[in-house]
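Student: The file below is work-v2.pdb, PDB, C-alpha atoms:
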ATOM      1  CA  MET A   1     -70.559   7.680-173.466
ATOM      2  CA  LYS A   2     -70.740   5.114-170.651
ATOM      3  CA  ASP A   3     -67.784   5.156-168.214
ATOM      4  CA  ILE A   4     -66.421   1.610-167.797
ATOM      5  CA  THR A   5     -63.001   2.678-166.510
ATOM      6  CA  GLN A   6     -63.051   0.540-163.344
ATOM      7  CA  LYS A   7     -64.134  -2.586-165.225
ATOM      8  CA  LEU A   8     -61.489  -1.989-167.889
ATOM      9  CA  VAL A   9     -58.710  -1.378-165.344
ATOM     10  CA  SER A  10     -59.639  -4.597-163.544
ATOM     11  CA  LEU A  11     -59.389  -6.625-166.754
ATOM     12  CA  LEU A  12     -56.139  -4.986-167.848
ATOM     13  CA  LYS A  13     -54.608  -5.695-164.426
ATOM     14  CA  SER A  14     -55.523  -9.376-164.708
ATOM     15  CA  GLY A  15     -53.872 -10.006-168.059
ATOM     16  CA  TYR A  16     -56.368  -8.988-170.743
ATOM     17  CA  CYS A  17     -53.657  -7.433-172.909
ATOM     18  CA  THR A  18     -51.999  -8.765-176.032
ATOM     19  CA  PRO A  19     -48.678  -7.949-177.662
ATOM     20  CA  GLN A  20     -48.798  -5.489-180.555
ATOM     21  CA  ILE A  21     -47.354  -7.805-183.208
ATOM     22  CA  ALA A  22     -47.120  -5.268-186.056
ATOM     23  CA  ARG A  23     -45.453  -2.659-183.850
ATOM     24  CA  ILE A  24     -42.935  -5.152-182.429
ATOM     25  CA  ALA A  25     -42.205  -6.579-185.903
ATOM     26  CA  LYS A  26     -41.424  -3.103-187.184
ATOM     27  CA  LYS A  27     -39.138  -2.381-184.220
ATOM     28  CA  LEU A  28     -37.270  -5.701-184.604
ATOM     29  CA  GLN A  29     -37.370  -5.570-188.419
ATOM     30  CA  GLU A  30     -38.682  -9.131-188.518
ATOM     31  CA  PRO A  31     -41.756 -10.541-190.278
ATOM     32  CA  SER A  32     -44.875 -10.656-188.125
ATOM     33  CA  THR A  33     -45.206 -14.410-188.764
ATOM     34  CA  THR A  34     -41.759 -15.011-187.222
ATOM     35  CA  LEU A  35     -42.694 -12.844-184.275
ATOM     36  CA  HIS A  36     -46.043 -14.604-183.804
ATOM     37  CA  TYR A  37     -44.365 -18.024-183.900
ATOM     38  CA  ASN A  38     -41.783 -17.018-181.279
ATOM     39  CA  ILE A  39     -44.363 -15.406-178.980
ATOM     40  CA  LYS A  40     -46.560 -18.516-179.112
ATOM     41  CA  LYS A  41     -43.494 -20.658-178.367
ATOM     42  CA  LEU A  42     -42.687 -18.541-175.285
ATOM     43  CA  GLU A  43     -46.304 -18.855-174.137
ATOM     44  CA  ARG A  44     -46.322 -22.650-174.635
ATOM     45  CA  GLU A  45     -43.093 -22.958-172.654
ATOM     46  CA  LYS A  46     -44.662 -20.799-169.907
ATOM     47  CA  ALA A  47     -41.787 -18.287-170.238
ATOM     48  CA  VAL A  48     -44.489 -15.637-170.766
ATOM     49  CA  LEU A  49     -47.220 -16.007-168.152
ATOM     50  CA  SER A  50     -49.308 -12.912-168.817
ATOM     51  CA  TYR A  51     -49.515  -9.577-170.584
ATOM     52  CA  LYS A  52     -50.684  -6.642-168.521
ATOM     53  CA  ALA A  53     -50.931  -2.881-168.674
ATOM     54  CA  VAL A  54     -48.598  -0.561-166.775
ATOM     55  CA  PHE A  55     -50.626   2.174-165.074
ATOM     56  CA  ASP A  56     -50.158   5.649-163.706
ATOM     57  CA  TYR A  57     -51.571   4.445-160.401
ATOM     58  CA  LYS A  58     -52.554   7.900-159.160
ATOM     59  CA  LYS A  59     -54.976   8.180-162.083
ATOM     60  CA  ILE A  60     -56.762   4.949-161.134
ATOM     61  CA  ASP A  61     -57.016   5.754-157.404
ATOM     62  CA  GLU A  62     -54.200   3.410-156.353
ATOM     63  CA  GLY A  63     -51.477   6.006-155.821
ATOM     64  CA  PHE A  64     -50.592   5.076-152.216
ATOM     65  CA  CYS A  65     -47.946   2.338-152.497
ATOM     66  CA  THR A  66     -46.523   0.590-149.456
ATOM     67  CA  TYR A  67     -44.091  -2.274-148.988
ATOM     68  CA  VAL A  68     -45.110  -4.321-145.971
ATOM     69  CA  LEU A  69     -42.467  -6.409-144.209
ATOM     70  CA  ILE A  70     -44.017  -9.322-142.339
ATOM     71  CA  SER A  71     -42.711 -11.477-139.520
ATOM     72  CA  LEU A  72     -44.543 -14.762-139.037
ATOM     73  CA  SER A  73     -45.284 -16.572-135.805
ATOM     74  CA  PRO A  74     -43.220 -19.712-135.097
ATOM     75  CA  ASP A  75     -46.159 -21.999-135.939
ATOM     76  CA  GLU A  76     -46.459 -20.414-139.430
ATOM     77  CA  TYR A  77     -42.729 -20.057-140.079
ATOM     78  CA  GLY A  78     -42.418 -23.532-141.608
ATOM     79  CA  ASN A  79     -45.167 -22.940-144.194
ATOM     80  CA  PRO A  80     -45.178 -19.299-145.328
ATOM     81  CA  GLU A  81     -46.858 -20.300-148.613
ATOM     82  CA  ARG A  82     -50.148 -20.870-146.779
ATOM     83  CA  ILE A  83     -50.375 -17.267-145.561
ATOM     84  CA  GLY A  84     -48.888 -15.999-148.841
ATOM     85  CA  LYS A  85     -51.596 -17.716-150.914
ATOM     86  CA  ASP A  86     -54.301 -16.369-148.636
ATOM     87  CA  LEU A  87     -52.940 -12.816-148.825
ATOM     88  CA  SER A  88     -52.607 -13.089-152.627
ATOM     89  CA  LYS A  89     -56.397 -13.214-152.917
ATOM     90  CA  HIS A  90     -56.719  -9.530-151.940
ATOM     91  CA  SER A  91     -56.854  -7.114-154.876
ATOM     92  CA  GLU A  92     -54.929  -4.434-152.963
ATOM     93  CA  ILE A  93     -51.858  -6.692-152.815
ATOM     94  CA  GLU A  94     -49.817  -6.417-156.006
ATOM     95  CA  SER A  95     -47.109  -8.898-155.023
ATOM     96  CA  VAL A  96     -46.228 -11.366-152.282
ATOM     97  CA  ASP A  97     -42.628 -12.499-151.848
ATOM     98  CA  ILE A  98     -41.185 -14.982-149.358
ATOM     99  CA  VAL A  99     -37.759 -13.668-148.364
ATOM    100  CA  THR A 100     -34.750 -14.340-146.154
ATOM    101  CA  GLY A 101     -33.359 -12.103-143.440
ATOM    102  CA  ASP A 102     -35.127 -10.430-140.541
ATOM    103  CA  TRP A 103     -38.564 -10.750-142.215
ATOM    104  CA  GLU A 104     -40.318 -13.727-143.810
ATOM    105  CA  MET A 105     -42.492 -11.926-146.374
ATOM    106  CA  VAL A 106     -42.682  -8.689-148.334
ATOM    107  CA  LEU A 107     -45.981  -7.420-149.752
ATOM    108  CA  LYS A 108     -46.447  -4.620-152.245
ATOM    109  CA  VAL A 109     -49.768  -2.951-151.473
ATOM    110  CA  ARG A 110     -51.583  -0.337-153.590
ATOM    111  CA  VAL A 111     -54.562   1.622-152.280
ATOM    112  CA  LYS A 112     -56.058   5.082-152.770
ATOM    113  CA  ASP A 113     -54.699   6.825-149.662
ATOM    114  CA  GLN A 114     -53.471   6.321-146.106
ATOM    115  CA  ASP A 115     -57.008   6.005-144.725
ATOM    116  CA  GLU A 116     -57.674   3.089-147.053
ATOM    117  CA  TYR A 117     -54.279   1.620-146.122
ATOM    118  CA  TYR A 118     -55.169   1.834-142.427
ATOM    119  CA  GLN A 119     -58.417  -0.086-143.064
ATOM    120  CA  PHE A 120     -56.499  -2.634-145.134
ATOM    121  CA  ILE A 121     -54.009  -3.244-142.287
ATOM    122  CA  LYS A 122     -56.815  -3.581-139.728
ATOM    123  CA  ASN A 123     -58.918  -5.944-141.850
ATOM    124  CA  VAL A 124     -56.361  -8.009-143.776
ATOM    125  CA  ILE A 125     -52.929  -7.956-142.162
ATOM    126  CA  SER A 126     -53.975  -8.102-138.490
ATOM    127  CA  ARG A 127     -54.470 -11.853-138.298
ATOM    128  CA  LYS A 128     -53.291 -15.016-136.606
ATOM    129  CA  GLY A 129     -49.868 -16.039-137.836
ATOM    130  CA  ILE A 130     -48.515 -12.530-138.427
ATOM    131  CA  ILE A 131     -46.746 -11.228-135.330
ATOM    132  CA  LYS A 132     -45.060  -8.069-136.597
ATOM    133  CA  ILE A 133     -45.181  -5.754-139.601
ATOM    134  CA  LYS A 134     -43.206  -2.788-140.830
ATOM    135  CA  SER A 135     -44.590  -0.448-143.508
ATOM    136  CA  LEU A 136     -42.332   1.320-145.984
ATOM    137  CA  VAL A 137     -44.296   4.007-147.842
ATOM    138  CA  SER A 138     -43.148   4.805-151.359
ATOM    139  CA  PHE A 139     -42.925   8.561-151.932
ATOM    140  CA  LYS A 140     -42.312   8.329-155.680
ATOM    141  CA  GLN A 141     -41.987   5.369-157.998
ATOM    142  CA  MET A 142     -39.225   5.769-160.567
ATOM    143  CA  LYS A 143     -39.594   2.468-162.464
ATOM    144  CA  THR A 144     -42.201  -0.282-162.545
ATOM    145  CA  GLU A 145     -42.716  -3.401-164.652
ATOM    146  CA  PHE A 146     -39.508  -2.531-166.547
ATOM    147  CA  VAL A 147     -40.934   0.849-167.546
ATOM    148  CA  THR A 148     -39.114   4.006-166.441
ATOM    149  CA  LEU A 149     -41.570   6.619-165.197
ATOM    150  CA  GLU A 150     -41.225  10.389-165.399
TER     151      GLU A 150
END
Could the structure of this file be written out as structure tokens, please?

Tutor:
Amino acid sequence: MKDITQKLVSLLKSGYCTPQIARIAKKLQEPSTTLHYNIKKLEREKAVLSYKAVFDYKKIDEGFCTYVLISLSPDEYGNPERIGKDLSKHSEIESVDIVTGDWEMVLKVRVKDQDEYYQFIKNVISRKGIIKIKSLVSFKQMKTEFVTLE
């Protein structure tokens, strides 16, 4: 059988998942038509933006997770969205948050290992507008996307 794992993971990460109506209806003890109506309503109201899979990241070669604290240069401080949007284009970056405190942004980065992380920092994060970073490496993730992990 042909191995399409990487293609499938990419699609599942970008929202190619759908709710399991029959399973949810059984759990809630509600008719599937009621459930379908309410899900579509949430989607129309943009309360639900996407459905995505929750992965065991080690099994898809993205087991090295790092939170990157970013300090912006004074000329970028007034418009952090510009750098945030640019950084968001990189597939290694799972989330970009603009924050208050000693740092202006927090990134959640997932790569295979520390060598790949080093290349990522050299090629993506080392840029005009970012004056300082601090990396916090996650040793073990206990919960993600509202799912408790073993």

Student: Measuring between all atoms listed in the file, which one of A:Ile39, A:Ile130, A:Asp113, A:Gly63 shows the shortest distance to Pro80 (chain A)?

Tutor: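 Closest to Pro80 (chain A), using all atoms listed in the file: A:Ile130.
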
Student: So how many Å separate CA of Ala53 (chain A) and CA of Thr144 (chain A), to one decimal?

Tutor: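 These two atoms are separated by 11.0 Å.
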
Student: Name the closest residue to Asp102 (chain A) among the candidates A:Gln29, A:Thr66, A:Ser71, A:Ser138; distances are taken between atoms, counting all atoms listed in the file.

Tutor: A:Ser71

Student: Give the padded box for region 87-93 of chain A as lines of an AutoDock Vina configuration file: axis-aligned, covering all atoms listed in the file, 8 Å on each side, centre and edge lengths in Å to one decimal.

Tutor:
center_x = -54.4
center_y = -8.8
center_z = -151.9
size_x = 21.0
size_y = 24.8
size_z = 22.1

Student: With only C-alpha atoms as the basis for distance, which of A:Val9, A:Leu87, A:Val54, A:Cys65 is at the shortest distance from Gly129 (chain A)?

Tutor: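 The answer is A:Leu87, which sits nearest to Gly129 (chain A).
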
Student: For the file shown, report as number ranges by chain the outcome of the PyMOL selection byres ((chain A and resi 136) around 7) at residue level.

Tutor: A: 66-68, 134-135, 137-138

Student: Name all residues at most 12 Å from Gly78 (chain A) (count all atoms listed in the file; drop same-chain ones fewer than 6 positions away) and give them as a ChimeraX atom specification.

Tutor: /A:72,98,104,129

Student: What is the distance, in Å and to one decimal place, between CA of Lys128 (chain A) and CA of Gly84 (chain A)?

Tutor: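 Here the two named atoms are 13.0 Å from each other.
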
Student: Give as a list of chain:residue names the residues that the PyMOL selection byres ((chain A and resi 60) around 9) matches when applied to the coordinates above.

Tutor: A:Thr5, A:Gln6, A:Val9, A:Phe55, A:Asp56, A:Tyr57, A:Lys58, A:Lys59, A:Asp61, A:Glu62, A:Gly63, A:Lys112

Student: What do you get, as a ChimeraX atom specification, if you spell out every residue that the PyMOL selection byres ((chain A and resi 91) around 10) selects here?

Tutor: /A:10,13,87-90,92-95,109-111

Student: Generate a file of the selected residues that holds C-alpha atoms, formatted as a PDB file, in the frame of the given file.

Tutor:
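Here's the written file again17.pdb:
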ATOM      1  CA  SER A  10     -59.639  -4.597-163.544  1.00  0.00           C
ATOM      2  CA  LYS A  13     -54.608  -5.695-164.426  1.00  0.00           C
ATOM      3  CA  LEU A  87     -52.940 -12.816-148.825  1.00  0.00           C
ATOM      4  CA  SER A  88     -52.607 -13.089-152.627  1.00  0.00           C
ATOM      5  CA  LYS A  89     -56.397 -13.214-152.917  1.00  0.00           C
ATOM      6  CA  HIS A  90     -56.719  -9.530-151.940  1.00  0.00           C
ATOM      7  CA  GLU A  92     -54.929  -4.434-152.963  1.00  0.00           C
ATOM      8  CA  ILE A  93     -51.858  -6.692-152.815  1.00  0.00           C
ATOM      9  CA  GLU A  94     -49.817  -6.417-156.006  1.00  0.00           C
ATOM     10  CA  SER A  95     -47.109  -8.898-155.023  1.00  0.00           C
ATOM     11  CA  VAL A 109     -49.768  -2.951-151.473  1.00  0.00           C
ATOM     12  CA  ARG A 110     -51.583  -0.337-153.590  1.00  0.00           C
ATOM     13  CA  VAL A 111     -54.562   1.622-152.280  1.00  0.00           C
TER      14      VAL A 111
END
